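Novice: This is the structure, below, for whatever I ask next.
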Amino acid sequence: MTSWPDLADPCTDPTEVAEAAAAVIAEQTGADHHDVALVLGSGWARTADLIGTTVATVDNSLVPGFRKPAVEGHAGSMRSVAIGSTGKRALVFGTRTHFYEGHGVRAVVHGVRTARAAGCTTLVLTNGCGGLNPAWGPGTPVLIRDHLNLTANSPIEGAHFVDLTDLYSARLRAIARRVDPGLDEGVYVQFRGPHYETPAEVAMARILGGDLVGMSTALEAIAAREAGLEVLGISLVTNLAAGISATPLSHEEVLEAGRAAAGRCGSLLAAVVTRIAEGAR
């Protein structure tokens with residue numbers, strides 16, 4: 001098995017690993033560049049099938065810096081997908097590395113940096129999450145307007161100061177609302193995980209202005225902004241958060257809500273990505 005540089009090693013340059021990964025992806029897919037990257041979280045797996053024709057599928061183990069999925073319901077491969085008749089390519093990641101896996105922040109954002117090295121200018125981040133608004137039942141997609149990063153970490157290293165004022169693109173959110181005018185927006189709160197939040201932590205998130213709670217996305221979005229990618233974030237509410245839900249939380253509940261919403265969410269996101277590829281404003 002090929003041995004890749006360890007992203008956790010401080011002597012490793014994460015940009016070089018991302019460039020090496022992009023080179024392997026280009027070789028494996030036959031595409032010298034991709035245009036839009038998607039990270040598919042719980043409930044969003046069908047999107048890749050609905051965007052267009054899958055031109056190539058690449059096992060994560062073949063690509064520098066990537067690893068097998070640690071979470072049930074995630075795919076251990078990435079796809080190169082022709083976006084309808086636009087002539088554009090989507091690079092679709094079927095899994096992500098979560099911060100709670102213990103591999104370090106560099107590993108968490110490696111897919112984002114690889115997408116940029118592969119030529120992408122737009123990044124779509126999706127996730128399954130807990131909802132703080134009782135009106136958002138399981139299966140509700142919600143646009144991410146902003147986030148609270150409660151991991152106490154950042155993917156940015158050194159004295160590199162990045163403005164996050166408009167991290168989640170208003171332009172891309174407007175495109176999504178033209179596809180589905182009923183989409184709501186909210187503030188996503190990333191906790192470290194892997195345990196679910198306590199009712200007190202959910203209450204804190206609500207006081208701080210949060211609407212959605214989960215264990216991903218914020219760190220990736222920060223790295224995307226540093227890399228110059230335009231970011232669209234969409235959450236799928238898979239359950240009401242602790243203290244709001246009348247029942248205990250479980251990962252099976254998350255998976256079931258994702259399965260039930262797969263068709264709607266996949267169709268929604270596929271339509272949004274197509275409009276982005278077509279150059280909609």
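Every chain in the structure tokens takes a letter, A first, then B, and so on in the order presented; its residues are numbered from 1, and the ligands are numbered from 1 following the presented order.
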So that I can check the secondary structure, give me every residue of region 27-229 of chain A assigned strand (DSSP E) by backbone DSSP, as a VMD selection string.
Specialist: chain A and resid 36 to 39 52 to 59 77 to 83 89 to 93 122 to 131 140 to 149 184 to 190 212 to 214
Novice: In region 25-131 of chain A, what's helix (DSSP H, G or I) per DSSP? Answer as a list in words?
Specialist: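 The helix (DSSP H, G or I) residues within region 25-131 of chain A come out as Ile25, Ala26, Glu27, Gln28, Thr29, Thr47, Ala48, Asp49, Leu50, Ile51, Asn60, Ser61, Leu62, Phe99, Tyr100, Glu101, Val105, Arg106, Ala107, Val108, His110, Gly111, Val112, Arg113, Thr114, Ala115, Arg116 and Ala117 of chain A.
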Novice: Let's have the selection written as a compact mmCIF listing (two decimals), in the first residue's frame, with N, CA and C atoms.
Specialist:
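Saved to out15.txt:
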```txt
# COMPACT_ATOMS: atom_id res chain seq x y z
N ILE A 25 -6.12 12.70 -8.63
CA ILE A 25 -7.52 12.78 -9.07
C ILE A 25 -7.61 13.07 -10.56
N ALA A 26 -6.78 13.98 -11.06
CA ALA A 26 -6.76 14.28 -12.49
C ALA A 26 -6.40 13.05 -13.30
N GLU A 27 -5.42 12.30 -12.82
CA GLU A 27 -4.99 11.10 -13.53
C GLU A 27 -6.09 10.03 -13.52
N GLN A 28 -6.72 9.85 -12.37
CA GLN A 28 -7.72 8.80 -12.23
C GLN A 28 -9.04 9.13 -12.94
N THR A 29 -9.37 10.42 -13.07
CA THR A 29 -10.65 10.82 -13.65
C THR A 29 -10.54 11.26 -15.10
N THR A 47 -27.33 12.89 -4.13
CA THR A 47 -27.07 14.05 -4.97
C THR A 47 -26.17 13.71 -6.14
N ALA A 48 -25.13 12.94 -5.89
CA ALA A 48 -24.17 12.62 -6.96
C ALA A 48 -24.86 11.91 -8.12
N ASP A 49 -25.85 11.07 -7.82
CA ASP A 49 -26.56 10.35 -8.88
C ASP A 49 -27.43 11.28 -9.72
N LEU A 50 -27.88 12.38 -9.12
CA LEU A 50 -28.85 13.24 -9.78
C LEU A 50 -28.23 14.44 -10.49
N ILE A 51 -26.98 14.75 -10.20
CA ILE A 51 -26.31 15.88 -10.84
C ILE A 51 -26.10 15.63 -12.33
N ASN A 60 -10.84 6.37 -2.05
CA ASN A 60 -10.07 7.30 -1.23
C ASN A 60 -8.65 6.82 -0.96
N SER A 61 -8.48 5.51 -0.85
CA SER A 61 -7.17 4.96 -0.49
C SER A 61 -6.12 5.22 -1.56
N LEU A 62 -6.55 5.59 -2.76
CA LEU A 62 -5.61 5.86 -3.86
C LEU A 62 -5.10 7.29 -3.86
N PHE A 99 -13.58 16.09 12.93
CA PHE A 99 -12.60 16.54 13.92
C PHE A 99 -12.48 15.55 15.07
N TYR A 100 -13.60 14.92 15.44
CA TYR A 100 -13.58 14.00 16.58
C TYR A 100 -12.81 12.71 16.31
N GLU A 101 -12.44 12.46 15.06
CA GLU A 101 -11.68 11.25 14.75
C GLU A 101 -10.25 11.32 15.26
N VAL A 105 -6.73 18.96 12.53
CA VAL A 105 -7.53 19.86 11.69
C VAL A 105 -7.10 19.77 10.22
N ARG A 106 -5.82 19.57 9.97
CA ARG A 106 -5.37 19.47 8.58
C ARG A 106 -6.11 18.36 7.83
N ALA A 107 -6.28 17.22 8.49
CA ALA A 107 -7.00 16.11 7.85
C ALA A 107 -8.46 16.46 7.60
N VAL A 108 -9.06 17.22 8.53
CA VAL A 108 -10.45 17.62 8.41
C VAL A 108 -10.68 18.46 7.15
N HIS A 110 -8.58 18.69 4.49
CA HIS A 110 -7.78 18.26 3.34
C HIS A 110 -8.61 18.18 2.05
N GLY A 111 -9.85 17.72 2.15
CA GLY A 111 -10.70 17.65 0.97
C GLY A 111 -10.95 19.02 0.36
N VAL A 112 -11.13 20.01 1.22
CA VAL A 112 -11.35 21.38 0.76
C VAL A 112 -10.13 21.89 0.00
N ARG A 113 -8.97 21.69 0.58
CA ARG A 113 -7.74 22.16 -0.06
C ARG A 113 -7.46 21.40 -1.35
N THR A 114 -7.81 20.13 -1.37
CA THR A 114 -7.65 19.33 -2.59
C THR A 114 -8.58 19.83 -3.68
N ALA A 115 -9.82 20.17 -3.30
CA ALA A 115 -10.77 20.70 -4.28
C ALA A 115 -10.23 21.97 -4.93
N ARG A 116 -9.65 22.83 -4.12
CA ARG A 116 -9.09 24.08 -4.69
C ARG A 116 -7.92 23.76 -5.60
N ALA A 117 -7.06 22.83 -5.19
CA ALA A 117 -5.92 22.45 -6.02
C ALA A 117 -6.38 21.79 -7.32
```
Novice: For the contact check between region 150-225 of chain A and region 87-97 of chain A, emit one row per residue of region 150-225 of chain A within 10 Å, containing the shortest atom pair and the distance in Å rounded to one decimal, counting only C-alpha atoms, chain then rising number order, as CSV.
Specialist:
```
residue,atom,partner,partner_atom,distance
A:Ser216,CA,A:Arg96,CA,8.7
A:Thr217,CA,A:Arg96,CA,9.5
A:Glu220,CA,A:Arg96,CA,9.6
```
Novice: Limited to C-alpha atoms, could you put the picked residues into a file as an mmCIF file, in the first residue's frame?
Specialist:
```cif
data_model
loop_
_atom_site.group_PDB
_atom_site.id
_atom_site.type_symbol
_atom_site.label_atom_id
_atom_site.label_comp_id
_atom_site.auth_asym_id
_atom_site.auth_seq_id
_atom_site.Cartn_x
_atom_site.Cartn_y
_atom_site.Cartn_z
ATOM 1 C CA SER A 216 -18.716 19.222 10.958
ATOM 2 C CA THR A 217 -18.731 21.978 8.317
ATOM 3 C CA GLU A 220 -14.101 23.180 6.342
#
```
Novice: Under the rule that only C-alpha atoms are counted, which of A:Leu268, A:Ala56, A:Leu132, A:Ile276 is the nearest residue to Ile207 (chain A)?
Specialist: A:Leu132
Novice: Please report as JSON lines every residue of region 103-200 of chain A lying within 12 Å of region 227-231 of chain A, along with the nearest atom pair and their distance in Å (one decimal), using only C-alpha atoms.
Specialist:
```
{"residue": "A:Val109", "atom": "CA", "partner": "A:Ala227", "partner_atom": "CA", "distance": 10.7}
{"residue": "A:His110", "atom": "CA", "partner": "A:Ala227", "partner_atom": "CA", "distance": 11.4}
{"residue": "A:Gly111", "atom": "CA", "partner": "A:Ala227", "partner_atom": "CA", "distance": 11.8}
{"residue": "A:Val112", "atom": "CA", "partner": "A:Ala227", "partner_atom": "CA", "distance": 8.3}
{"residue": "A:Arg113", "atom": "CA", "partner": "A:Ala227", "partner_atom": "CA", "distance": 7.0}
{"residue": "A:Thr114", "atom": "CA", "partner": "A:Ala227", "partner_atom": "CA", "distance": 10.1}
{"residue": "A:Ala115", "atom": "CA", "partner": "A:Leu229", "partner_atom": "CA", "distance": 9.1}
{"residue": "A:Arg116", "atom": "CA", "partner": "A:Ala227", "partner_atom": "CA", "distance": 6.8}
{"residue": "A:Ala117", "atom": "CA", "partner": "A:Ala227", "partner_atom": "CA", "distance": 9.2}
{"residue": "A:Ala118", "atom": "CA", "partner": "A:Leu229", "partner_atom": "CA", "distance": 11.8}
{"residue": "A:Gly119", "atom": "CA", "partner": "A:Leu229", "partner_atom": "CA", "distance": 10.0}
{"residue": "A:Cys120", "atom": "CA", "partner": "A:Leu229", "partner_atom": "CA", "distance": 7.5}
{"residue": "A:Thr121", "atom": "CA", "partner": "A:Leu229", "partner_atom": "CA", "distance": 5.1}
{"residue": "A:Thr122", "atom": "CA", "partner": "A:Glu230", "partner_atom": "CA", "distance": 4.7}
{"residue": "A:Leu123", "atom": "CA", "partner": "A:Val231", "partner_atom": "CA", "distance": 5.0}
{"residue": "A:Val124", "atom": "CA", "partner": "A:Val231", "partner_atom": "CA", "distance": 6.0}
{"residue": "A:Leu125", "atom": "CA", "partner": "A:Val231", "partner_atom": "CA", "distance": 7.4}
{"residue": "A:Thr126", "atom": "CA", "partner": "A:Val231", "partner_atom": "CA", "distance": 10.7}
{"residue": "A:Leu143", "atom": "CA", "partner": "A:Val231", "partner_atom": "CA", "distance": 11.3}
{"residue": "A:Ile144", "atom": "CA", "partner": "A:Val231", "partner_atom": "CA", "distance": 9.9}
{"residue": "A:Arg145", "atom": "CA", "partner": "A:Val231", "partner_atom": "CA", "distance": 10.5}
{"residue": "A:Asp146", "atom": "CA", "partner": "A:Val231", "partner_atom": "CA", "distance": 10.9}
{"residue": "A:Pro155", "atom": "CA", "partner": "A:Ala227", "partner_atom": "CA", "distance": 11.0}
{"residue": "A:Ile156", "atom": "CA", "partner": "A:Ala227", "partner_atom": "CA", "distance": 10.1}
{"residue": "A:His160", "atom": "CA", "partner": "A:Ala227", "partner_atom": "CA", "distance": 11.7}
{"residue": "A:Val162", "atom": "CA", "partner": "A:Ala227", "partner_atom": "CA", "distance": 9.8}
{"residue": "A:Asp163", "atom": "CA", "partner": "A:Gly228", "partner_atom": "CA", "distance": 11.0}
{"residue": "A:Leu164", "atom": "CA", "partner": "A:Val231", "partner_atom": "CA", "distance": 11.2}
{"residue": "A:Asp166", "atom": "CA", "partner": "A:Val231", "partner_atom": "CA", "distance": 9.5}
{"residue": "A:Leu167", "atom": "CA", "partner": "A:Val231", "partner_atom": "CA", "distance": 6.8}
{"residue": "A:Tyr168", "atom": "CA", "partner": "A:Val231", "partner_atom": "CA", "distance": 5.3}
{"residue": "A:Ser169", "atom": "CA", "partner": "A:Val231", "partner_atom": "CA", "distance": 5.6}
{"residue": "A:Ala170", "atom": "CA", "partner": "A:Val231", "partner_atom": "CA", "distance": 9.2}
{"residue": "A:Arg171", "atom": "CA", "partner": "A:Glu230", "partner_atom": "CA", "distance": 9.3}
{"residue": "A:Leu172", "atom": "CA", "partner": "A:Val231", "partner_atom": "CA", "distance": 7.6}
{"residue": "A:Arg173", "atom": "CA", "partner": "A:Val231", "partner_atom": "CA", "distance": 9.3}
```
Novice: Tell me which protein, DNA and RNA residues are within 10 Å of His195 (chain A), counting only C-alpha atoms, leaving out same-chain ones fewer than 3 positions away, and put them as a PyMOL selection string.
Specialist: chain A and resi 100+191-192+198+215
Novice: What does the distance from CA of Gly182 (chain A) to CA of Ser85 (chain A) come to in Å, to one decimal?
Specialist: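 Spanning CA of Gly182 (chain A) to CA of Ser85 (chain A) is a straight-line distance of 26.9 Å.
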Novice: So, counting only C-alpha atoms, which residue among A:Gly193, A:Pro199, A:Gly266, A:Pro64 is closest to Leu150 (chain A)?
Specialist: A:Gly193
Novice: Calculate how many Å separate CA of His33 (chain A) from CA of Ala82 (chain A), rounding to one decimal.
Specialist: 11.9 Å
Novice: Figure out the distance between CA of Gly130 (chain A) and CA of Thr238 (chain A), please, to one decimal in Å.
Specialist: 6.1 Å
Novice: Show which residues sit within 10 Å of Trp136 (chain A), as a PDB file with C-alpha atoms, in the first residue's frame. Count only C-alpha atoms, and ignore same-chain residues fewer than 6 positions away.
Specialist:
```
ATOM      1  CA  GLY A 130     -29.865  18.643  15.037  1.00  0.00           C
ATOM      2  CA  VAL A 142     -31.882  24.625   5.838  1.00  0.00           C
ATOM      3  CA  ASP A 184     -35.168  28.748   5.506  1.00  0.00           C
ATOM      4  CA  ASP A 211     -30.300  27.311  14.922  1.00  0.00           C
ATOM      5  CA  LEU A 236     -30.484  18.544   6.672  1.00  0.00           C
ATOM      6  CA  VAL A 237     -32.307  18.519   9.993  1.00  0.00           C
ATOM      7  CA  THR A 238     -32.295  14.839  10.951  1.00  0.00           C
ATOM      8  CA  ASN A 239     -33.609  15.247  14.495  1.00  0.00           C
ATOM      9  CA  LEU A 240     -34.587  17.838  17.042  1.00  0.00           C
TER      10      LEU A 240
END
```
Novice: Which neighbours of Trp4 (chain A) fall inside 9 Å, counting only C-alpha atoms, when residues of the same chain fewer than 4 positions from it are skipped, and could you give them as a PyMOL selection string?
Specialist: chain A and resi 17+63-65
Novice: Could you name the residues that touch Thr57 (chain A) at 9 Å or less, counting only C-alpha atoms, but leaving out those on the same chain fewer than 4 positions away, as a PyMOL selection string?
Specialist: chain A and resi 28-29+77-81
Novice: The selected residues should be written to file as an mmCIF file, in the first residue's frame (atoms: N, CA and C atoms).
Specialist:
```cif
data_model
loop_
_atom_site.group_PDB
_atom_site.id
_atom_site.type_symbol
_atom_site.label_atom_id
_atom_site.label_comp_id
_atom_site.auth_asym_id
_atom_site.auth_seq_id
_atom_site.Cartn_x
_atom_site.Cartn_y
_atom_site.Cartn_z
ATOM 1 N N GLN A 28 -6.717 9.848 -12.371
ATOM 2 C CA GLN A 28 -7.721 8.797 -12.229
ATOM 3 C C GLN A 28 -9.035 9.127 -12.944
ATOM 4 N N THR A 29 -9.366 10.419 -13.065
ATOM 5 C CA THR A 29 -10.649 10.820 -13.648
ATOM 6 C C THR A 29 -10.539 11.259 -15.102
ATOM 7 N N SER A 77 -15.310 6.812 -1.206
ATOM 8 C CA SER A 77 -14.788 7.144 -2.525
ATOM 9 C C SER A 77 -15.219 8.547 -2.911
ATOM 10 N N MET A 78 -14.629 9.045 -3.985
ATOM 11 C CA MET A 78 -15.015 10.331 -4.559
ATOM 12 C C MET A 78 -15.362 10.125 -6.027
ATOM 13 N N ARG A 79 -16.198 11.003 -6.556
ATOM 14 C CA ARG A 79 -16.640 10.860 -7.940
ATOM 15 C C ARG A 79 -16.357 12.112 -8.751
ATOM 16 N N SER A 80 -16.094 11.909 -10.020
ATOM 17 C CA SER A 80 -16.045 13.005 -10.987
ATOM 18 C C SER A 80 -17.326 12.914 -11.795
ATOM 19 N N VAL A 81 -18.161 13.954 -11.699
ATOM 20 C CA VAL A 81 -19.493 13.920 -12.300
ATOM 21 C C VAL A 81 -19.638 15.042 -13.325
#
```
